[in-house]
Protein chains: 2
Amino acid sequence: MTQFRSSRSEMSLGLFLLGAGHHIAAWRLPEAPPNAAVSFPHYQAIAAEAEAAKFDAIFFADSASVRDFGISPIDRDERSIRLEPLTLLSALAVSTDRIGLIATASTTYNEPYNLARRFASLDLLSGGRAGWNLVTSANAQDGPNFSLEAHPEHGVRYDRAHEFEEVVRGLWHSWEGEDAFPLDKTGGQIFRPEALHPLNHKGAHFAVRGPLSVPPSAQGHPVIIQAGASEAGRDTAARTAEVVFAAHQSFDEAFAFYQDVKRRLAAYGRAPEDLKILPGVSPFIGRTRAEAQASFDELQDLVTPEVGLKLLQPFAGGLDLRDYDLDGPLPDLPVTTNAIGRQKLLVDLARRENLTIRQLYLHIAGARGHWQLIGTASEIAGELEHYFKNGAADGFNIMPPALQRSLGPITELLLPELRRRGLFRKDYTGTTLREHLGLRRPDLPAFPQFAA
Amino acid sequence: MTQFRSSRSEMSLGLFLLGAGHHIAAWRLPEAPPNAAVSFPHYQAIAAEAEAAKFDAIFFADSASVRDFGISPIDRDERSIRLEPLTLLSALAVSTDRIGLIATASTTYNEPYNLARRFASLDLLSGGRAGWNLVTSANAQDGPNFSLEAHPEHGVRYDRAHEFEEVVRGLWHSWEGEDAFPLDKTGGQIFRPEALHPLNHKGAHFAVRGPLSVPPSAQGHPVIIQAGASEAGRDTAARTAEVVFAAHQSFDEAFAFYQDVKRRLAAYGRAPEDLKILPGVSPFIGRTRAEAQASFDELQDLVTPEVGLKLLQPFAGGLDLRDYDLDGPLPDLPVTTNAIGRQKLLVDLARRENLTIRQLYLHIAGARGHWQLIGTASEIAGELEHYFKNGAADGFNIMPPALQRSLGPITELLLPELRRRGLFRKDYTGTTLREHLGLRRPDLPAFPQFAA
Ligand SMILES: Cc1cc2nc3c(=O)[nH]c(=O)nc-3n(C[C@H](O)[C@H](O)[C@H](O)COP(=O)(O)O)c2cc1C
Ligand SMILES: Cc1cc2nc3c(=O)[nH]c(=O)nc-3n(C[C@H](O)[C@H](O)[C@H](O)COP(=O)(O)O)c2cc1C
């Protein structure tokens, strides 16, 4: 059987930023701004650093409810409060120049015309740097904020997601033809009428006439990113996504996922390089391994059982683990249709390493289910290279444990090490997110470049 | 009977900006960027000028469809293409410092949780400068983009709008108490759990649990603006709005509207100064009246009958006027439930001034149904002063006919004249939109100021 691996010599690197960092206790570190989750200056500073380091993109996750409100204590996790990602990225589009801007938005709780229009607007005004992380909403607590008794079932969500994505993509393709935009003052013609066509979509979930009122950007339309791990999630990725954010704990898992998803592409007439797979990785980097471990331990010590158990709950199918012995094994979990991937991750981890509840939450606290590495820059670069060269990744979604503390070692130690190995760019060669990622530009007319 | 008039000595001034200017042919002027409607550098430059001139706010109208697609030629009006206003304003929040940022968003084609969250995010990251222009969507062509057979009826739209606004306001009030945000790293507490409460709204149109995940801004929550002129529109304004954008053709109309809406406030326990009424005005300013007239004529000459008739159509209840004699009278119009105010404006105008179809579209082309003034700065300042001092306005929504051409005379001739009369600020005294407008801050805890 063919074995797939990256078609490029350099990896793509996204930077995940939410609040003070990916580790749940990051905001409690002395150097962290405790209001990071909603602080624009914080995000602006980090985005500037990420661009200086030549990351492909910054990435914002999302949920449309207050984290675990009414389920468990809500005052101890900085992510209970947050800014809406598209609003934030539109602001960051102005304070950055080249870096890609990826926002998560749900197909379960939006209208496709609105979403298509907002992402296309961000894409146009940022000069072709937008990406849409399509999710069906992992958080069941979003449902009651949208006039629903309950969060729709997994299958129903993905069914809607397929049609939603089709509509959004169709709207982005409202424009066609080389000479679509004459912008001719004398003749009084902004665009050629033949260049614009309606969509006239009629499906099970949506009827959308179109066309879209936003012209194509420098990269054609926003990049579509997907982040589901289930069977339906993988299939959605293979049909429609251009990037997949994945969450793995081991090379074997990552390799199996990579090979599986790349293999699915052919059925949809797509080539392996049409879809980039970027597993999440949360690196604790030190000049020595002891230094890295110390920085990890310092964060872990800031995790209280209260916060740890709350963190575990969404991985445990919603089960409140406060009723169980902290130092005992994980009990049987309720069947979930919500975040199947997450639950599988927890159960596999508990079995594989025979961990107690406390050990599990400490484990998850570090990387929230993503791959966690503790070591020197050279050790970590070696690991990433191994994944990249051997069919487990096209790059990575870097999730710094604590932004104020971890970004320095990443840009000053890890990236130089990757560059020495020829694995990461020294500078941007293009201006759009598609160019950074090595993705094809869709066949859409370019809107004439802007002048003030 | 009490006569109401502005309680402040200085007027509020908003700046309406969309594309190259309010006049339909503005984009065809030599100095206009023909891509203005979607050009971020254009908007950025104008917003900077507006802020330097100390306008209270910039304001973006909206519609969620391509203007008149499939009804009439669509390639000749720059407003067929546009950027989604909240996306654009989030970007402009970064390139400005003090000026208010008002975006139009529809209650007919959004979900209240999403809208509350996006406006609150803009409000927080801009330091309390956001405003929401609540509309029910004037453009019937938006409907087919949202899985609806038809745009809902006027009454249904306003019914939904009332409940929508209640939910949004309720979500913005999710937070309470002086010491809501300890941001205490040592104790591990971001906010006090008692500070956050759910909304648990259950109504005819929506069931929304809440709470909102965005903390209050420097001004508490965004300012609510309303722009409907019908009975239902006025009532909505009196119940909920803090600013009304109005459209009038004469002092008598403006006076009657002002008095009527201010009078309605008491029934809702509100004081006259809780609601500011800002009629739209589109000024053609010259150093002499002849110069002003010439600048008007130059624009009017760029309006073709094709574009003029298209422009008239939404005022004519959708009737295609191409079948009628251009130099004959306005025919009887079909009954509309959509934009009652606009149709009344057209019919009144035709009757009052006995205008032909050509004269009507030329009239509307100039100011699109808003009040139009042609004259010297002193003449125009006199008119504005008359409205302001005699119970017809608390200020104005200035709609420059052609931004590149008209903004100079407005800031260099008109505003200095208003300042000489003590009618407009020399500098901002506050930092928030509420402070600019002289509106009360709602009773909400302040989120601690940001630091990077
Ligand atoms: C790396 C990764 C990131 C994700 N980010 C989000 C997110 O920001 N918001 C969200 O609602 N769901 C997020 N999800 C959840 C998925 O989109 C999906 O809704 C959920 O995982 C259930 O689908 P699945 O069973 O296919 O995994 C993420 C999933 C993964 C694997
Ligand atoms: C000054 C003014 C500005 C308006 N701006 C918008 C707009 O940007 N988008 C929109 O859909 N409707 C807009 N409207 C329309 C109203 O919100 C409303 O939907 C419409 O006028 C019908 O309501 P009415 O009959 O109460 O006037 C505007 C109305 C006025 C008077």
# chains A, B, ... in the order shown; residues from 1 in each chain; ligands from 1
>>> closest_atom_pairs(of="chain B", to="chain A", cutoff="7 Å", atoms="only C-alpha atoms", output="Markdown table")
| residue | atom | partner | partner_atom | distance |
| --- | --- | --- | --- | --- |
| B:Arg28 | CA | A:Lys185 | CA | 4.8 |
| B:Pro33 | CA | A:Ala452 | CA | 6.9 |
| B:Pro34 | CA | A:Leu183 | CA | 5.8 |
| B:Asn35 | CA | A:Leu183 | CA | 6.9 |
| B:Ser39 | CA | A:Phe450 | CA | 6.0 |
| B:Phe40 | CA | A:Leu125 | CA | 5.8 |
| B:Pro41 | CA | A:Ala452 | CA | 4.7 |
| B:His42 | CA | A:Ala452 | CA | 4.5 |
| B:Ser65 | CA | A:Ser213 | CA | 6.2 |
| B:Val66 | CA | A:Ser213 | CA | 5.0 |
| B:Ile74 | CA | A:Pro193 | CA | 6.5 |
| B:Asp75 | CA | A:Phe191 | CA | 5.3 |
| B:Arg76 | CA | A:Gln189 | CA | 4.9 |
| B:Glu78 | CA | A:Ile190 | CA | 6.2 |
| B:Ser80 | CA | A:Ser213 | CA | 6.3 |
| B:Ile81 | CA | A:Ser213 | CA | 4.7 |
| B:Arg82 | CA | A:Val214 | CA | 5.8 |
| B:Leu83 | CA | A:Ser121 | CA | 5.3 |
| B:Glu84 | CA | A:Arg118 | CA | 5.8 |
| B:Thr87 | CA | A:Ser90 | CA | 5.8 |
| B:Ser90 | CA | A:Ala91 | CA | 5.0 |
| B:Ala91 | CA | A:Ala91 | CA | 4.2 |
| B:Ala93 | CA | A:Ala91 | CA | 6.8 |
| B:Val94 | CA | A:Ala91 | CA | 5.9 |
| B:Tyr113 | CA | A:Asn145 | CA | 6.3 |
| B:Arg117 | CA | A:Glu84 | CA | 6.4 |
| B:Arg118 | CA | A:Glu84 | CA | 5.8 |
| B:Ser121 | CA | A:Leu83 | CA | 5.3 |
| B:Leu122 | CA | A:Thr87 | CA | 6.5 |
| B:Leu125 | CA | A:Phe40 | CA | 5.8 |
| B:Pro144 | CA | A:Arg209 | CA | 5.5 |
| B:Asn145 | CA | A:Val208 | CA | 4.4 |
| B:Phe146 | CA | A:Val208 | CA | 6.0 |
| B:Ser147 | CA | A:Ala207 | CA | 4.2 |
| B:Leu183 | CA | A:Pro34 | CA | 5.8 |
| B:Lys185 | CA | A:Arg28 | CA | 4.8 |
| B:Gly188 | CA | A:Arg76 | CA | 5.8 |
| B:Gln189 | CA | A:Arg76 | CA | 4.9 |
| B:Ile190 | CA | A:Asp75 | CA | 5.7 |
| B:Phe191 | CA | A:Asp75 | CA | 5.3 |
| B:Arg192 | CA | A:Asp75 | CA | 6.0 |
| B:Pro193 | CA | A:Asp75 | CA | 5.5 |
| B:Phe206 | CA | A:Ser147 | CA | 5.3 |
| B:Ala207 | CA | A:Ser147 | CA | 4.2 |
| B:Val208 | CA | A:Asn145 | CA | 4.4 |
| B:Arg209 | CA | A:Asn145 | CA | 5.2 |
| B:Gly210 | CA | A:Asn145 | CA | 5.8 |
| B:Pro211 | CA | A:Val66 | CA | 6.6 |
| B:Leu212 | CA | A:Val66 | CA | 6.6 |
| B:Ser213 | CA | A:Ile81 | CA | 4.7 |
| B:Val214 | CA | A:Ile81 | CA | 5.6 |
| B:Pro215 | CA | A:Ile81 | CA | 7.0 |
| B:Phe450 | CA | A:Ser39 | CA | 6.0 |
| B:Ala451 | CA | A:Pro41 | CA | 6.5 |
| B:Ala452 | CA | A:His42 | CA | 4.4 |
>>> closest_atom_pairs(of="chain B", to="ligand 2", cutoff="6 Å", atoms="only C-alpha atoms and all ligand atoms", output="JSON lines")
{"residue": "B:Ala61", "atom": "CA", "partner": "ligand 2", "partner_atom_place_in_ligand_line": "8 (O)", "distance": 3.2}
{"residue": "B:Asp62", "atom": "CA", "partner": "ligand 2", "partner_atom_place_in_ligand_line": "8 (O)", "distance": 4.1}
{"residue": "B:Ser63", "atom": "CA", "partner": "ligand 2", "partner_atom_place_in_ligand_line": "11 (O)", "distance": 5.2}
{"residue": "B:Thr104", "atom": "CA", "partner": "ligand 2", "partner_atom_place_in_ligand_line": "8 (O)", "distance": 5.5}
{"residue": "B:Val135", "atom": "CA", "partner": "ligand 2", "partner_atom_place_in_ligand_line": "17 (O)", "distance": 3.7}
{"residue": "B:Thr136", "atom": "CA", "partner": "ligand 2", "partner_atom_place_in_ligand_line": "19 (O)", "distance": 4.3}
{"residue": "B:Ser137", "atom": "CA", "partner": "ligand 2", "partner_atom_place_in_ligand_line": "11 (O)", "distance": 3.2}
{"residue": "B:Ala138", "atom": "CA", "partner": "ligand 2", "partner_atom_place_in_ligand_line": "11 (O)", "distance": 4.0}
{"residue": "B:Asn139", "atom": "CA", "partner": "ligand 2", "partner_atom_place_in_ligand_line": "11 (O)", "distance": 5.7}
{"residue": "B:Ala227", "atom": "CA", "partner": "ligand 2", "partner_atom_place_in_ligand_line": "30 (C)", "distance": 4.3}
{"residue": "B:Gly228", "atom": "CA", "partner": "ligand 2", "partner_atom_place_in_ligand_line": "26 (O)", "distance": 3.4}
{"residue": "B:Ala229", "atom": "CA", "partner": "ligand 2", "partner_atom_place_in_ligand_line": "27 (O)", "distance": 3.8}
{"residue": "B:Ser230", "atom": "CA", "partner": "ligand 2", "partner_atom_place_in_ligand_line": "26 (O)", "distance": 3.7}
{"residue": "B:Ala232", "atom": "CA", "partner": "ligand 2", "partner_atom_place_in_ligand_line": "26 (O)", "distance": 5.8}
{"residue": "B:Gly233", "atom": "CA", "partner": "ligand 2", "partner_atom_place_in_ligand_line": "26 (O)", "distance": 3.8}
{"residue": "B:Phe245", "atom": "CA", "partner": "ligand 2", "partner_atom_place_in_ligand_line": "1 (C)", "distance": 4.7}
{"residue": "B:Ala246", "atom": "CA", "partner": "ligand 2", "partner_atom_place_in_ligand_line": "1 (C)", "distance": 4.6}
{"residue": "B:Ala247", "atom": "CA", "partner": "ligand 2", "partner_atom_place_in_ligand_line": "1 (C)", "distance": 5.1}
{"residue": "B:Asn338", "atom": "CA", "partner": "ligand 2", "partner_atom_place_in_ligand_line": "22 (C)", "distance": 5.8}
{"residue": "B:Ala339", "atom": "CA", "partner": "ligand 2", "partner_atom_place_in_ligand_line": "22 (C)", "distance": 4.2}
{"residue": "B:Ile340", "atom": "CA", "partner": "ligand 2", "partner_atom_place_in_ligand_line": "25 (O)", "distance": 4.5}
{"residue": "B:Gly341", "atom": "CA", "partner": "ligand 2", "partner_atom_place_in_ligand_line": "27 (O)", "distance": 4.4}
>>> write_last_selection(atoms="C-alpha atoms", output="compact mmCIF listing (two decimals), in the first residue's frame")
# COMPACT_ATOMS: atom_id res chain seq x y z
CA ALA B 61 -25.15 50.60 6.99
CA ASP B 62 -25.67 47.03 5.83
CA SER B 63 -27.63 44.57 3.78
CA THR B 104 -25.64 47.88 11.39
CA VAL B 135 -32.39 47.08 11.90
CA THR B 136 -35.00 44.55 10.89
CA SER B 137 -33.56 44.52 7.33
CA ALA B 138 -35.05 46.87 4.81
CA ASN B 139 -33.96 44.80 1.83
CA ALA B 227 -33.28 53.41 12.37
CA GLY B 228 -36.93 52.62 11.70
CA ALA B 229 -39.42 55.36 10.95
CA SER B 230 -42.75 53.50 10.99
CA ALA B 232 -43.44 50.08 15.08
CA GLY B 233 -40.02 51.56 14.42
CA PHE B 245 -30.96 57.73 12.93
CA ALA B 246 -33.76 59.48 11.14
CA ALA B 247 -34.43 60.49 7.54
CA ASN B 338 -41.44 46.32 3.92
CA ALA B 339 -40.13 49.82 3.97
CA ILE B 340 -43.21 51.85 4.70
CA GLY B 341 -41.16 54.85 5.75
>>> select_by_dssp(residues="range 113-354 of chain B", states="strand (DSSP E)", output="list of chain:residue names")
B:Ala130, B:Gly131, B:Trp132, B:Asn133, B:Leu134, B:Val135, B:His201, B:Lys202, B:Ala207, B:Val208, B:Val223, B:Ile224, B:Ile225, B:Gln226, B:Val243, B:Val244, B:Phe245, B:Ala246, B:Lys276, B:Ile277, B:Leu278, B:Pro279, B:Gly280, B:Val281, B:Ser282, B:Pro283, B:Phe284, B:Ile285, B:Gly286
>>> residues_around(residues="Gly21 in chain B", least_positions_apart="5", cutoff="7 Å", atoms="only C-alpha atoms", output="list in words")
Ala26, Pro400, Pro401, Ala402 and Leu403 of chain B
>>> residues_around(residues="Ala316 in chain B", least_positions_apart="6", cutoff="8 Å", atoms="only C-alpha atoms", output="list in words")
Leu333, Pro334, Gln343 and Leu346 of chain B
>>> write_last_selection(atoms="N, CA, C and O atoms", output="PDB file, in the first residue's frame")
ATOM      1  N   LEU B 333     -48.299  53.255  -6.518  1.00  0.00           N
ATOM      2  CA  LEU B 333     -47.320  52.248  -6.124  1.00  0.00           C
ATOM      3  C   LEU B 333     -47.996  51.046  -5.469  1.00  0.00           C
ATOM      4  O   LEU B 333     -49.055  51.195  -4.858  1.00  0.00           O
ATOM      5  N   PRO B 334     -47.405  49.869  -5.594  1.00  0.00           N
ATOM      6  CA  PRO B 334     -47.954  48.701  -4.894  1.00  0.00           C
ATOM      7  C   PRO B 334     -47.846  48.890  -3.378  1.00  0.00           C
ATOM      8  O   PRO B 334     -46.939  49.563  -2.904  1.00  0.00           O
ATOM      9  N   GLN B 343     -41.266  54.500   1.349  1.00  0.00           N
ATOM     10  CA  GLN B 343     -42.275  54.723   0.319  1.00  0.00           C
ATOM     11  C   GLN B 343     -43.040  56.010   0.588  1.00  0.00           C
ATOM     12  O   GLN B 343     -43.321  56.785  -0.327  1.00  0.00           O
ATOM     13  N   LEU B 346     -41.066  58.954  -0.563  1.00  0.00           N
ATOM     14  CA  LEU B 346     -41.094  59.158  -2.009  1.00  0.00           C
ATOM     15  C   LEU B 346     -42.401  59.791  -2.452  1.00  0.00           C
ATOM     16  O   LEU B 346     -42.425  60.769  -3.213  1.00  0.00           O
TER      17      LEU B 346
END
>>> residues_around(residues="Val156 in chain A", least_positions_apart="5", cutoff="10 Å", atoms="only C-alpha atoms", output="PyMOL selection string")
chain A and resi 108+136+151+161
>>> write_last_selection(atoms="N, CA, C and O atoms", output="mmCIF file, in the first residue's frame")
data_model
loop_
_atom_site.group_PDB
_atom_site.id
_atom_site.type_symbol
_atom_site.label_atom_id
_atom_site.label_comp_id
_atom_site.auth_asym_id
_atom_site.auth_seq_id
_atom_site.Cartn_x
_atom_site.Cartn_y
_atom_site.Cartn_z
ATOM 1 N N THR A 108 -22.940 24.520 13.371
ATOM 2 C CA THR A 108 -24.173 24.175 14.074
ATOM 3 C C THR A 108 -24.931 25.431 14.511
ATOM 4 O O THR A 108 -26.154 25.441 14.543
ATOM 5 N N THR A 136 -18.151 21.539 14.409
ATOM 6 C CA THR A 136 -19.589 21.341 14.592
ATOM 7 C C THR A 136 -19.990 21.663 16.029
ATOM 8 O O THR A 136 -21.132 21.440 16.408
ATOM 9 N N HIS A 151 -28.030 20.209 22.416
ATOM 10 C CA HIS A 151 -27.029 20.199 21.359
ATOM 11 C C HIS A 151 -27.388 19.061 20.385
ATOM 12 O O HIS A 151 -27.631 17.942 20.817
ATOM 13 N N ALA A 161 -23.163 20.119 8.733
ATOM 14 C CA ALA A 161 -21.848 20.691 8.423
ATOM 15 C C ALA A 161 -21.492 20.501 6.943
ATOM 16 O O ALA A 161 -20.964 21.403 6.300
#
>>> atom_distance(atom1="CA of Pro409 in chain B", atom2="CA of Phe16 in chain B")
15.5 Å
